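To be precise, the following lines are upload.pdb, and they hold PDB, C-alpha atoms and all ligand atoms.
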ATOM      1  CA  MET J   1     -81.287  18.098 -43.049
ATOM      2  CA  PRO J   2     -85.038  18.558 -43.067
ATOM      3  CA  TYR J   3     -87.013  18.183 -46.229
ATOM      4  CA  ARG J   4     -87.634  21.603 -47.800
ATOM      5  CA  PHE J   5     -90.728  22.531 -49.766
ATOM      6  CA  ARG J   6     -90.359  24.124 -53.169
ATOM      7  CA  THR J   7     -91.061  27.838 -52.957
ATOM      8  CA  SER J   8     -92.988  29.300 -55.848
ATOM      9  CA  LEU J   9     -96.166  31.308 -55.985
ATOM     10  CA  LYS J  10     -98.284  30.696 -59.060
ATOM     11  CA  SER J  11     -98.416  33.754 -61.321
ATOM     12  CA  SER J  12    -102.012  32.812 -62.139
ATOM     13  CA  ASP J  13    -103.037  33.763 -58.602
ATOM     14  CA  VAL J  14    -105.619  36.473 -58.587
ATOM     15  CA  THR J  15    -105.850  39.277 -56.078
ATOM     16  CA  PRO J  16    -109.451  40.373 -55.894
ATOM     17  CA  LYS J  17    -108.543  43.345 -53.818
ATOM     18  CA  SER J  18    -110.983  45.858 -55.253
ATOM     19  CA  ALA J  19    -113.603  44.758 -52.754
ATOM     20  CA  TRP J  20    -111.425  45.866 -49.885
ATOM     21  CA  MET J  21    -109.906  48.923 -51.583
ATOM     22  CA  ASN J  22    -112.894  51.143 -50.879
ATOM     23  CA  ARG J  23    -112.882  50.103 -47.279
ATOM     24  CA  ARG J  24    -109.165  50.698 -47.025
ATOM     25  CA  ALA J  25    -109.471  54.142 -48.631
ATOM     26  CA  LEU J  26    -112.278  54.888 -46.241
ATOM     27  CA  LEU J  27    -110.216  53.787 -43.245
ATOM     28  CA  ALA J  28    -107.271  55.898 -44.409
ATOM     29  CA  GLY J  29    -109.504  58.914 -45.005
ATOM     30  CA  ALA J  30    -111.289  58.606 -41.683
ATOM     31  CA  GLY J  31    -108.237  58.268 -39.502
ATOM     32  CA  GLY J  32    -107.684  54.630 -40.421
ATOM     33  CA  ALA J  33    -103.925  54.880 -40.113
ATOM     34  CA  ALA J  34    -104.244  56.353 -36.632
ATOM     35  CA  PHE J  35    -106.692  53.576 -35.779
ATOM     36  CA  ALA J  36    -104.315  50.900 -37.086
ATOM     37  CA  GLY J  37    -101.497  52.368 -35.012
ATOM     38  CA  ALA J  38    -103.677  52.607 -31.930
ATOM     39  CA  ILE J  39    -104.601  48.932 -32.005
ATOM     40  CA  GLY J  40    -101.021  47.880 -32.732
ATOM     41  CA  LEU J  41    -101.284  46.709 -36.317
ATOM     42  CA  PRO J  42     -98.055  46.617 -38.325
ATOM     43  CA  ALA J  43     -97.656  48.203 -41.757
ATOM     44  CA  ARG J  44     -99.934  46.113 -43.949
ATOM     45  CA  ALA J  45     -98.668  44.248 -47.018
ATOM     46  CA  GLU J  46    -101.357  42.742 -49.173
ATOM     47  CA  LEU J  47    -101.358  39.031 -50.004
ATOM     48  CA  SER J  48    -102.253  37.282 -53.246
ATOM     49  CA  TYR J  49    -105.218  34.995 -52.899
ATOM     50  CA  VAL J  50    -108.181  33.456 -54.689
ATOM     51  CA  LYS J  51    -111.798  33.423 -53.583
ATOM     52  CA  SER J  52    -113.340  30.211 -52.264
ATOM     53  CA  PRO J  53    -116.762  28.600 -52.740
ATOM     54  CA  TYR J  54    -116.606  27.738 -49.022
ATOM     55  CA  SER J  55    -117.083  31.401 -48.048
ATOM     56  CA  THR J  56    -120.324  32.501 -46.416
ATOM     57  CA  GLN J  57    -122.375  35.290 -47.989
ATOM     58  CA  ALA J  58    -122.793  36.882 -44.562
ATOM     59  CA  GLU J  59    -121.333  40.367 -44.048
ATOM     60  CA  PRO J  60    -117.882  40.198 -42.386
ATOM     61  CA  ASN J  61    -117.251  41.987 -39.118
ATOM     62  CA  SER J  62    -115.124  45.112 -39.322
ATOM     63  CA  LEU J  63    -111.340  44.897 -39.079
ATOM     64  CA  GLU J  64    -111.701  46.845 -35.850
ATOM     65  CA  ASP J  65    -114.063  44.261 -34.294
ATOM     66  CA  ILE J  66    -111.856  41.360 -35.405
ATOM     67  CA  THR J  67    -108.628  42.911 -34.086
ATOM     68  CA  SER J  68    -109.830  44.533 -30.877
ATOM     69  CA  TYR J  69    -112.095  41.877 -29.287
ATOM     70  CA  ASN J  70    -109.954  38.750 -28.892
ATOM     71  CA  ASN J  71    -109.173  35.700 -26.800
ATOM     72  CA  PHE J  72    -105.436  35.000 -26.630
ATOM     73  CA  TYR J  73    -104.656  34.210 -22.995
ATOM     74  CA  GLU J  74    -100.895  34.275 -23.617
ATOM     75  CA  PHE J  75    -101.386  38.071 -23.638
ATOM     76  CA  GLY J  76    -103.917  38.240 -20.804
ATOM     77  CA  THR J  77    -107.537  37.324 -20.194
ATOM     78  CA  GLY J  78    -109.148  40.666 -21.091
ATOM     79  CA  LYS J  79    -110.742  40.981 -24.521
ATOM     80  CA  ASP J  80    -108.501  44.008 -25.194
ATOM     81  CA  ASP J  81    -105.278  42.486 -23.792
ATOM     82  CA  PRO J  82    -104.209  40.808 -27.067
ATOM     83  CA  ALA J  83    -104.551  44.078 -29.019
ATOM     84  CA  ARG J  84    -102.616  45.928 -26.287
ATOM     85  CA  HIS J  85     -99.757  43.450 -25.865
ATOM     86  CA  ALA J  86     -99.380  41.262 -28.970
ATOM     87  CA  HIS J  87     -97.101  43.779 -30.738
ATOM     88  CA  GLN J  88     -94.361  42.463 -28.407
ATOM     89  CA  LEU J  89     -94.360  39.090 -30.152
ATOM     90  CA  THR J  90     -91.478  38.455 -32.589
ATOM     91  CA  THR J  91     -92.875  36.480 -35.527
ATOM     92  CA  GLU J  92     -89.748  36.354 -37.713
ATOM     93  CA  PRO J  93     -88.178  33.868 -37.958
ATOM     94  CA  TRP J  94     -91.000  31.371 -37.302
ATOM     95  CA  PRO J  95     -89.857  27.736 -37.293
ATOM     96  CA  VAL J  96     -92.653  25.140 -37.088
ATOM     97  CA  LYS J  97     -91.699  21.654 -35.926
ATOM     98  CA  ILE J  98     -93.640  18.860 -37.609
ATOM     99  CA  ASP J  99     -93.065  15.510 -35.935
ATOM    100  CA  GLY J 100     -94.590  12.225 -34.809
ATOM    101  CA  MET J 101     -96.073   9.786 -37.313
ATOM    102  CA  VAL J 102     -95.034  11.525 -40.548
ATOM    103  CA  GLY J 103     -92.839  10.463 -43.433
ATOM    104  CA  LYS J 104     -91.166  13.875 -43.643
ATOM    105  CA  PRO J 105     -90.639  15.216 -40.133
ATOM    106  CA  GLY J 106     -88.609  18.393 -39.752
ATOM    107  CA  THR J 107     -88.481  22.026 -38.807
ATOM    108  CA  TYR J 108     -90.079  24.116 -41.506
ATOM    109  CA  ASP J 109     -89.960  27.897 -41.755
ATOM    110  CA  MET J 110     -92.831  29.993 -43.082
ATOM    111  CA  ASP J 111     -91.322  30.094 -46.600
ATOM    112  CA  ASP J 112     -91.251  26.271 -46.615
ATOM    113  CA  ILE J 113     -94.844  26.106 -45.409
ATOM    114  CA  LEU J 114     -96.157  28.683 -47.875
ATOM    115  CA  GLY J 115     -94.059  27.527 -50.826
ATOM    116  CA  GLY J 116     -96.299  26.366 -53.666
ATOM    117  CA  VAL J 117     -99.450  27.013 -51.631
ATOM    118  CA  THR J 118    -102.369  28.895 -53.174
ATOM    119  CA  LEU J 119    -103.799  31.210 -50.539
ATOM    120  CA  GLU J 120    -107.568  31.479 -50.443
ATOM    121  CA  GLU J 121    -109.981  33.912 -48.857
ATOM    122  CA  ARG J 122    -112.347  31.982 -46.583
ATOM    123  CA  ILE J 123    -115.100  34.107 -45.106
ATOM    124  CA  TYR J 124    -116.232  31.956 -42.180
ATOM    125  CA  ARG J 125    -118.673  32.250 -39.324
ATOM    126  CA  PHE J 126    -116.748  32.052 -36.044
ATOM    127  CA  ARG J 127    -118.497  30.985 -32.812
ATOM    128  CA  CYS J 128    -116.786  31.256 -29.422
ATOM    129  CA  VAL J 129    -117.890  28.878 -26.655
ATOM    130  CA  GLU J 130    -118.659  32.047 -24.632
ATOM    131  CA  ALA J 131    -121.680  32.557 -26.948
ATOM    132  CA  TRP J 132    -120.448  35.463 -29.076
ATOM    133  CA  SER J 133    -119.774  35.229 -32.791
ATOM    134  CA  MET J 134    -118.261  37.083 -35.717
ATOM    135  CA  VAL J 135    -117.832  36.652 -39.469
ATOM    136  CA  ILE J 136    -114.139  36.748 -40.419
ATOM    137  CA  PRO J 137    -112.535  36.968 -43.882
ATOM    138  CA  TRP J 138    -109.529  34.723 -43.271
ATOM    139  CA  ILE J 139    -106.704  34.207 -45.756
ATOM    140  CA  GLY J 140    -105.256  30.714 -45.629
ATOM    141  CA  PHE J 141    -104.985  27.270 -47.169
ATOM    142  CA  PRO J 142    -106.303  23.795 -46.343
ATOM    143  CA  LEU J 143    -104.450  22.093 -43.490
ATOM    144  CA  ALA J 144    -104.802  18.935 -45.628
ATOM    145  CA  ASP J 145    -102.370  20.445 -48.189
ATOM    146  CA  LEU J 146     -99.619  20.704 -45.578
ATOM    147  CA  LEU J 147    -100.380  17.321 -44.016
ATOM    148  CA  ARG J 148    -100.215  15.576 -47.397
ATOM    149  CA  ARG J 149     -96.826  17.157 -48.074
ATOM    150  CA  VAL J 150     -95.369  15.752 -44.831
ATOM    151  CA  GLU J 151     -96.990  12.341 -45.481
ATOM    152  CA  PRO J 152     -99.005  11.106 -42.473
ATOM    153  CA  GLY J 153     -97.973   7.568 -41.473
ATOM    154  CA  PRO J 154    -100.462   4.687 -41.759
ATOM    155  CA  GLY J 155    -101.045   4.594 -37.978
ATOM    156  CA  ALA J 156    -101.688   8.348 -37.566
ATOM    157  CA  LYS J 157    -105.197   9.095 -36.232
ATOM    158  CA  TYR J 158    -104.914  12.541 -34.623
ATOM    159  CA  VAL J 159    -103.112  15.838 -35.143
ATOM    160  CA  ALA J 160    -101.851  17.806 -32.130
ATOM    161  CA  PHE J 161    -100.923  21.506 -32.212
ATOM    162  CA  GLU J 162     -98.953  23.731 -29.855
ATOM    163  CA  THR J 163     -98.586  27.495 -29.496
ATOM    164  CA  LEU J 164     -95.225  28.971 -28.660
ATOM    165  CA  VAL J 165     -94.048  29.556 -25.082
ATOM    166  CA  ARG J 166     -92.210  32.844 -24.709
ATOM    167  CA  PRO J 167     -93.121  34.612 -21.458
ATOM    168  CA  GLU J 168     -90.661  37.463 -22.210
ATOM    169  CA  GLU J 169     -92.968  38.511 -25.051
ATOM    170  CA  MET J 170     -96.273  37.092 -23.831
ATOM    171  CA  PRO J 171     -97.202  38.696 -20.505
ATOM    172  CA  GLY J 172    -100.094  36.293 -19.885
ATOM    173  CA  GLN J 173     -97.596  33.416 -19.792
ATOM    174  CA  ARG J 174     -95.854  34.890 -16.749
ATOM    175  CA  ARG J 175     -98.780  33.535 -14.749
ATOM    176  CA  ALA J 176    -100.182  29.993 -14.720
ATOM    177  CA  ILE J 177    -103.556  31.079 -16.155
ATOM    178  CA  LEU J 178    -103.398  27.925 -18.303
ATOM    179  CA  ASP J 179    -100.963  25.009 -18.455
ATOM    180  CA  TRP J 180     -98.656  26.422 -21.194
ATOM    181  CA  PRO J 181     -98.145  25.751 -24.028
ATOM    182  CA  TYR J 182    -101.706  26.170 -25.282
ATOM    183  CA  ARG J 183    -102.519  22.832 -26.952
ATOM    184  CA  GLU J 184    -105.209  21.704 -29.332
ATOM    185  CA  GLY J 185    -105.993  18.667 -31.429
ATOM    186  CA  LEU J 186    -108.185  17.207 -34.134
ATOM    187  CA  ARG J 187    -109.001  13.751 -35.346
ATOM    188  CA  LEU J 188    -107.078  13.171 -38.601
ATOM    189  CA  ASP J 189    -110.271  13.131 -40.713
ATOM    190  CA  GLU J 190    -111.322  16.470 -39.179
ATOM    191  CA  ALA J 191    -107.850  17.858 -39.886
ATOM    192  CA  MET J 192    -108.024  16.673 -43.516
ATOM    193  CA  HIS J 193    -111.513  18.143 -44.064
ATOM    194  CA  PRO J 194    -111.472  20.864 -46.759
ATOM    195  CA  LEU J 195    -113.081  23.415 -44.400
ATOM    196  CA  THR J 196    -110.154  23.157 -41.962
ATOM    197  CA  ILE J 197    -107.541  25.787 -42.764
ATOM    198  CA  LEU J 198    -104.272  27.188 -41.582
ATOM    199  CA  ALA J 199    -104.790  30.946 -41.739
ATOM    200  CA  THR J 200    -101.948  33.368 -42.342
ATOM    201  CA  GLY J 201    -103.959  36.533 -42.829
ATOM    202  CA  LEU J 202    -107.295  38.288 -42.761
ATOM    203  CA  TYR J 203    -108.893  41.092 -44.754
ATOM    204  CA  GLY J 204    -106.283  40.472 -47.461
ATOM    205  CA  ASP J 205    -103.295  41.250 -45.230
ATOM    206  CA  PRO J 206    -100.904  39.195 -43.095
ATOM    207  CA  MET J 207    -102.349  37.953 -39.802
ATOM    208  CA  PRO J 208    -102.475  40.578 -37.052
ATOM    209  CA  LYS J 209    -100.526  39.386 -34.031
ATOM    210  CA  GLN J 210    -103.571  39.451 -31.738
ATOM    211  CA  ASN J 211    -105.296  37.012 -34.127
ATOM    212  CA  GLY J 212    -102.464  34.469 -34.060
ATOM    213  CA  ALA J 213     -99.647  35.582 -36.373
ATOM    214  CA  PRO J 214     -98.014  34.253 -38.349
ATOM    215  CA  ILE J 215    -100.057  31.038 -38.623
ATOM    216  CA  ARG J 216    -103.120  29.720 -36.784
ATOM    217  CA  LEU J 217    -105.729  27.043 -37.193
ATOM    218  CA  VAL J 218    -109.355  27.786 -38.159
ATOM    219  CA  VAL J 219    -111.997  25.055 -37.760
ATOM    220  CA  PRO J 220    -115.285  26.857 -38.428
ATOM    221  CA  TRP J 221    -117.712  24.189 -37.161
ATOM    222  CA  LYS J 222    -116.067  23.976 -33.729
ATOM    223  CA  TYR J 223    -115.998  26.402 -30.805
ATOM    224  CA  GLY J 224    -113.347  29.087 -31.233
ATOM    225  CA  PHE J 225    -110.914  27.679 -28.670
ATOM    226  CA  LYS J 226    -110.135  24.765 -31.031
ATOM    227  CA  SER J 227    -108.691  27.318 -33.499
ATOM    228  CA  ILE J 228    -105.255  27.525 -31.894
ATOM    229  CA  LYS J 229    -103.094  30.587 -32.604
ATOM    230  CA  SER J 230     -99.390  31.165 -33.350
ATOM    231  CA  ILE J 231     -98.589  27.493 -33.962
ATOM    232  CA  VAL J 232     -95.006  26.236 -33.522
ATOM    233  CA  ARG J 233     -95.546  22.477 -33.462
ATOM    234  CA  ILE J 234     -97.735  19.981 -35.314
ATOM    235  CA  THR J 235     -97.575  16.334 -34.229
ATOM    236  CA  LEU J 236     -99.227  13.344 -35.883
ATOM    237  CA  THR J 237    -100.166  10.681 -33.345
ATOM    238  CA  ASP J 238    -102.251   7.541 -32.810
ATOM    239  CA  ARG J 239    -103.722   8.783 -29.470
ATOM    240  CA  GLU J 240    -106.224  11.522 -28.721
ATOM    241  CA  PRO J 241    -103.907  14.367 -27.669
ATOM    242  CA  PRO J 242    -104.359  16.390 -24.469
ATOM    243  CA  THR J 243    -106.001  19.770 -25.198
ATOM    244  CA  THR J 244    -105.797  22.910 -23.075
ATOM    245  CA  TRP J 245    -109.425  23.656 -22.200
ATOM    246  CA  ASN J 246    -110.293  19.995 -21.793
ATOM    247  CA  MET J 247    -107.389  19.609 -19.337
ATOM    248  CA  GLN J 248    -108.525  22.795 -17.560
ATOM    249  CA  ASN J 249    -112.135  21.658 -17.136
ATOM    250  CA  PRO J 250    -113.131  18.369 -18.793
ATOM    251  CA  ARG J 251    -116.778  18.668 -17.720
ATOM    252  CA  GLU J 252    -117.173  22.014 -19.502
ATOM    253  CA  TYR J 253    -114.947  21.508 -22.563
ATOM    254  CA  GLY J 254    -114.775  18.271 -24.545
ATOM    255  CA  PHE J 255    -112.193  17.166 -27.095
ATOM    256  CA  TYR J 256    -114.677  17.519 -29.966
ATOM    257  CA  SER J 257    -116.292  20.847 -29.048
ATOM    258  CA  ASN J 258    -118.443  20.953 -32.146
ATOM    259  CA  VAL J 259    -120.808  23.933 -32.092
ATOM    260  CA  ASN J 260    -124.087  22.444 -30.858
ATOM    261  CA  PRO J 261    -127.118  24.531 -29.805
ATOM    262  CA  GLU J 262    -128.620  21.456 -28.120
ATOM    263  CA  VAL J 263    -125.767  20.797 -25.694
ATOM    264  CA  ASP J 264    -125.560  23.661 -23.211
ATOM    265  CA  HIS J 265    -122.410  24.687 -21.428
ATOM    266  CA  PRO J 266    -122.889  23.723 -17.752
ATOM    267  CA  ARG J 267    -123.008  27.453 -16.889
ATOM    268  CA  TRP J 268    -124.906  28.944 -19.868
ATOM    269  CA  SER J 269    -127.099  28.154 -22.851
ATOM    270  CA  GLN J 270    -125.559  27.528 -26.261
ATOM    271  CA  ALA J 271    -128.884  27.958 -28.083
ATOM    272  CA  THR J 272    -128.171  31.538 -29.160
ATOM    273  CA  GLU J 273    -125.195  33.789 -29.784
ATOM    274  CA  ARG J 274    -124.397  37.500 -29.721
ATOM    275  CA  ARG J 275    -123.032  38.705 -33.046
ATOM    276  CA  ILE J 276    -120.274  41.174 -32.205
ATOM    277  CA  GLY J 277    -120.361  44.558 -33.882
ATOM    278  CA  GLY J 278    -122.450  47.553 -34.542
ATOM    279  CA  GLY J 279    -122.986  48.477 -30.881
ATOM    280  CA  LEU J 280    -126.723  49.076 -30.792
ATOM    281  CA  PHE J 281    -127.136  46.741 -33.758
ATOM    282  CA  SER J 282    -125.369  43.882 -32.005
ATOM    283  CA  SER J 283    -127.987  41.164 -32.115
ATOM    284  CA  ARG J 284    -128.752  37.757 -30.624
ATOM    285  CA  GLN J 285    -129.371  35.056 -33.128
ATOM    286  CA  PRO J 286    -129.973  31.325 -33.024
ATOM    287  CA  THR J 287    -126.841  29.169 -32.978
ATOM    288  CA  LEU J 288    -126.792  26.603 -35.784
ATOM    289  CA  MET J 289    -125.743  22.949 -35.469
ATOM    290  CA  PHE J 290    -122.060  22.679 -36.469
ATOM    291  CA  ASN J 291    -122.169  26.495 -36.719
ATOM    292  CA  GLY J 292    -124.112  26.117 -39.986
ATOM    293  CA  TYR J 293    -121.551  23.770 -41.592
ATOM    294  CA  GLY J 294    -123.584  20.583 -40.967
ATOM    295  CA  GLU J 295    -124.052  19.769 -44.632
ATOM    296  CA  GLU J 296    -120.278  19.553 -45.017
ATOM    297  CA  VAL J 297    -119.241  17.960 -41.709
ATOM    298  CA  ALA J 298    -122.133  16.025 -40.107
ATOM    299  CA  GLY J 299    -120.897  12.852 -41.823
ATOM    300  CA  LEU J 300    -117.702  12.956 -39.761
ATOM    301  CA  TYR J 301    -119.791  12.185 -36.669
ATOM    302  CA  ALA J 302    -122.236   9.612 -38.049
ATOM    303  CA  GLY J 303    -123.270   7.192 -35.304
ATOM    304  CA  MET J 304    -121.647   9.225 -32.506
ATOM    305  CA  ASP J 305    -123.619  10.441 -29.488
ATOM    306  CA  LEU J 306    -122.786  14.153 -29.561
ATOM    307  CA  THR J 307    -124.123  14.721 -26.045
ATOM    308  CA  LYS J 308    -121.454  12.285 -24.850
ATOM    309  CA  HIS J 309    -118.724  13.366 -27.286
ATOM    310  CA  TYR J 310    -119.311  17.102 -26.685
TER     311      TYR J 310
HETATM  312  N1  LIG E 401    -102.797  30.027 -28.377
HETATM  313  C1  LIG E 401    -104.066  30.377 -28.184
HETATM  314  N2  LIG E 401    -104.965  30.147 -29.159
HETATM  315  C2  LIG E 401    -106.257  30.508 -28.977
HETATM  316  C3  LIG E 401    -106.682  31.103 -27.758
HETATM  317  C4  LIG E 401    -105.705  31.329 -26.751
HETATM  318  O1  LIG E 401    -105.985  31.839 -25.653
HETATM  319  N3  LIG E 401    -104.408  30.966 -27.000
HETATM  320  N4  LIG E 401    -108.018  31.426 -27.581
HETATM  321  C5  LIG E 401    -108.993  30.688 -28.400
HETATM  322  C6  LIG E 401    -110.346  31.222 -28.290
HETATM  323  S1  LIG E 401    -111.192  30.925 -26.842
HETATM  324  C7  LIG E 401    -110.950  31.879 -29.326
HETATM  325  S2  LIG E 401    -112.572  32.348 -29.243
HETATM  326  C8  LIG E 401    -110.194  32.230 -30.544
HETATM  327  C9  LIG E 401    -110.276  33.724 -30.796
HETATM  328  O2  LIG E 401    -109.734  34.053 -32.049
HETATM  329  P1  LIG E 401    -109.741  35.571 -32.514
HETATM  330  O3  LIG E 401    -109.215  36.408 -31.382
HETATM  331  O4  LIG E 401    -108.858  35.622 -33.720
HETATM  332  O5  LIG E 401    -111.165  35.930 -32.818
HETATM  333  O6  LIG E 401    -108.809  31.876 -30.466
HETATM  334  C10 LIG E 401    -108.567  30.624 -29.867
HETATM  335  N5  LIG E 401    -107.159  30.291 -29.985
HETATM  336 MO    MO E 402    -113.432  31.253 -27.359
END

Show this structure as structure tokens.
Ligand SMILES: Nc1nc2c(c(=O)[nH]1)N[C@H]1C(S)=C(S)[C@@H](COP(=O)(O)O)O[C@H]1N2
Ligand SMILES: [Mo]
Amino acid sequence: MPYRFRTSLKSSDVTPKSAWMNRRALLAGAGGAAFAGAIGLPARAELSYVKSPYSTQAEPNSLEDITSYNNFYEFGTGKDDPARHAHQLTTEPWPVKIDGMVGKPGTYDMDDILGGVTLEERIYRFRCVEAWSMVIPWIGFPLADLLRRVEPGPGAKYVAFETLVRPEEMPGQRRAILDWPYREGLRLDEAMHPLTILATGLYGDPMPKQNGAPIRLVVPWKYGFKSIKSIVRITLTDREPPTTWNMQNPREYGFYSNVNPEVDHPRWSQATERRIGGGLFSSRQPTLMFNGYGEEVAGLYAGMDLTKHY
């Protein structure tokens, strides 16, 4: 019988929802409900969460931008495919297998995973390797919290993640666009870093399916493809795990994939990025080293040649 987490949500949790209430009222008044239906969002149930000092002051992208312009190849390669098809995904129940070098391996359901966790709002910059970016108000909790609870073994050096394989519900998986399941990985110290979160929502509500419901990784200083969606397996290991885009094209996509304006993609520059949103106001801006999180994470890579370990 797998170890079960205690389930209790602290009553001291605050829900600073007023900030989003105006927006929500506005959406509702201006055909927001119709919009939500059109892009396949379920009925929204608000989450309890606290604010985080790790949030950027930058203005978040709209819910529409964040939920209608996506990469989630399990649903197709078009930016609008996830919003069109992700409603087909069944996210309840959602067992997550945690195995490998851990003291408490097992299959945990979402109640186990969220039990006793304080959800936080983390407004993060998000930079795709394709040179577009957004600002996203995630709701989640540090991956380190979960890892500590399952007790990484002394030899564990990496964490591997897998997305579910279910071609009946994920039309993109009926073709070999990628070598399914989608796989990602982090070094254990990257995984334990306080900026690394498992996100279960955004804009104060549960995660939209196109963004990786019910639980996805967010690593804000790395290119977006490291932030694997709809996770069903987490494995602690002593070897660098195989990762989807690195397997697909190792020359173009490294294991580390830290945002780096000085290391260009072989087919395009990474010096600037296009901030999604606002149509005419969509603007190019300089890309920052580690996506602007250098103060927090540069130390993880001290002494490493980042042109070699791209
Ligand atoms: N399982 C899975 N996770 C994935 C992807 C994917 O195709 N499949 N795409 C990645 C890429 S390339 C990006 S940019 C981000 C996009 O996240 P968003 O759609 O929530 O903005 O998800 C990442 N996680
Ligand atoms: Mo991406």

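Nearest residue to ligand MO 402 (chain E) among J:Thr196, J:Gln285, J:Ser62, J:Asn70 is J:Asn70, counting all atoms listed in the file.
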
Inset, instruction - May I ask for the distance between atom O3 of ligand LIG 401 (chain E) and atom CA of Gly212 of chain J, given in Å to one decimal place? - result: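 One can read the atom O3 of ligand LIG 401 (chain E) to atom CA of Gly212 of chain J distance as 7.5 Å.
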
Ground truth for the PyMOL selection byres (((not hetatm)) within 9 of (chain E and resi 402)), written as a compact mmCIF listing (two decimals) with C-alpha atoms, keeping the file's coordinate frame:
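That gives us out.txt:
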# COMPACT_ATOMS: atom_id res chain seq x y z
CA ASN J 70 -109.95 38.75 -28.89
CA ASN J 71 -109.17 35.70 -26.80
CA PHE J 72 -105.44 35.00 -26.63
CA ARG J 127 -118.50 30.98 -32.81
CA CYS J 128 -116.79 31.26 -29.42
CA VAL J 129 -117.89 28.88 -26.66
CA GLU J 130 -118.66 32.05 -24.63
CA ALA J 131 -121.68 32.56 -26.95
CA TRP J 132 -120.45 35.46 -29.08
CA TYR J 223 -116.00 26.40 -30.80
CA GLY J 224 -113.35 29.09 -31.23
CA PHE J 225 -110.91 27.68 -28.67
CA LYS J 226 -110.14 24.76 -31.03
CA SER J 227 -108.69 27.32 -33.50

Around all the atoms of segment 142-152 of chain J listed in the file, with 8 Å of room on each side, what axis-aligned box do you get, giving centre and edge lengths in Å to one decimal, as lines of an AutoDock Vina configuration file?
center_x = -100.8
center_y = 17.5
center_z = -45.3
size_x = 26.9
size_y = 28.7
size_z = 21.7

Inset, instruction - Using the chain letters and residue numbers of this document, give as JSON, numbers by chain the residues selected by the PyMOL selection byres (((chain J and resi 266-268) around 9) and not hetatm). - result: {"J": [130, 131, 251, 252, 263, 264, 265, 269, 270]}

Could you write out the selected residues, including C-alpha atoms, as a compact mmCIF listing (two decimals), in the coordinates of the input?
# COMPACT_ATOMS: atom_id res chain seq x y z
CA GLU J 130 -118.66 32.05 -24.63
CA ALA J 131 -121.68 32.56 -26.95
CA ARG J 251 -116.78 18.67 -17.72
CA GLU J 252 -117.17 22.01 -19.50
CA VAL J 263 -125.77 20.80 -25.69
CA ASP J 264 -125.56 23.66 -23.21
CA HIS J 265 -122.41 24.69 -21.43
CA SER J 269 -127.10 28.15 -22.85
CA GLN J 270 -125.56 27.53 -26.26

Legend entry - Nearest to Thr90 of chain J by atom-to-atom distance, counting all atoms listed in the file, from J:Pro250, J:Pro167, J:Pro194, J:Pro137: J:Pro167

Inset, instruction - Could you pull out the residues sitting within 9 Å of ligand LIG 401 (chain E), using all atoms listed in the file, and write them as number ranges by chain? - result: J: 65-77, 79, 82, 126-130, 132-134, 136, 162-164, 178, 181-184, 208, 210-212, 216-218, 223-231, 245

Inset, instruction - Can you work out the spacing between atom CA of Arg239 of chain J and atom CA of Glu151 of chain J in Å, to one decimal? - result: 17.7 Å
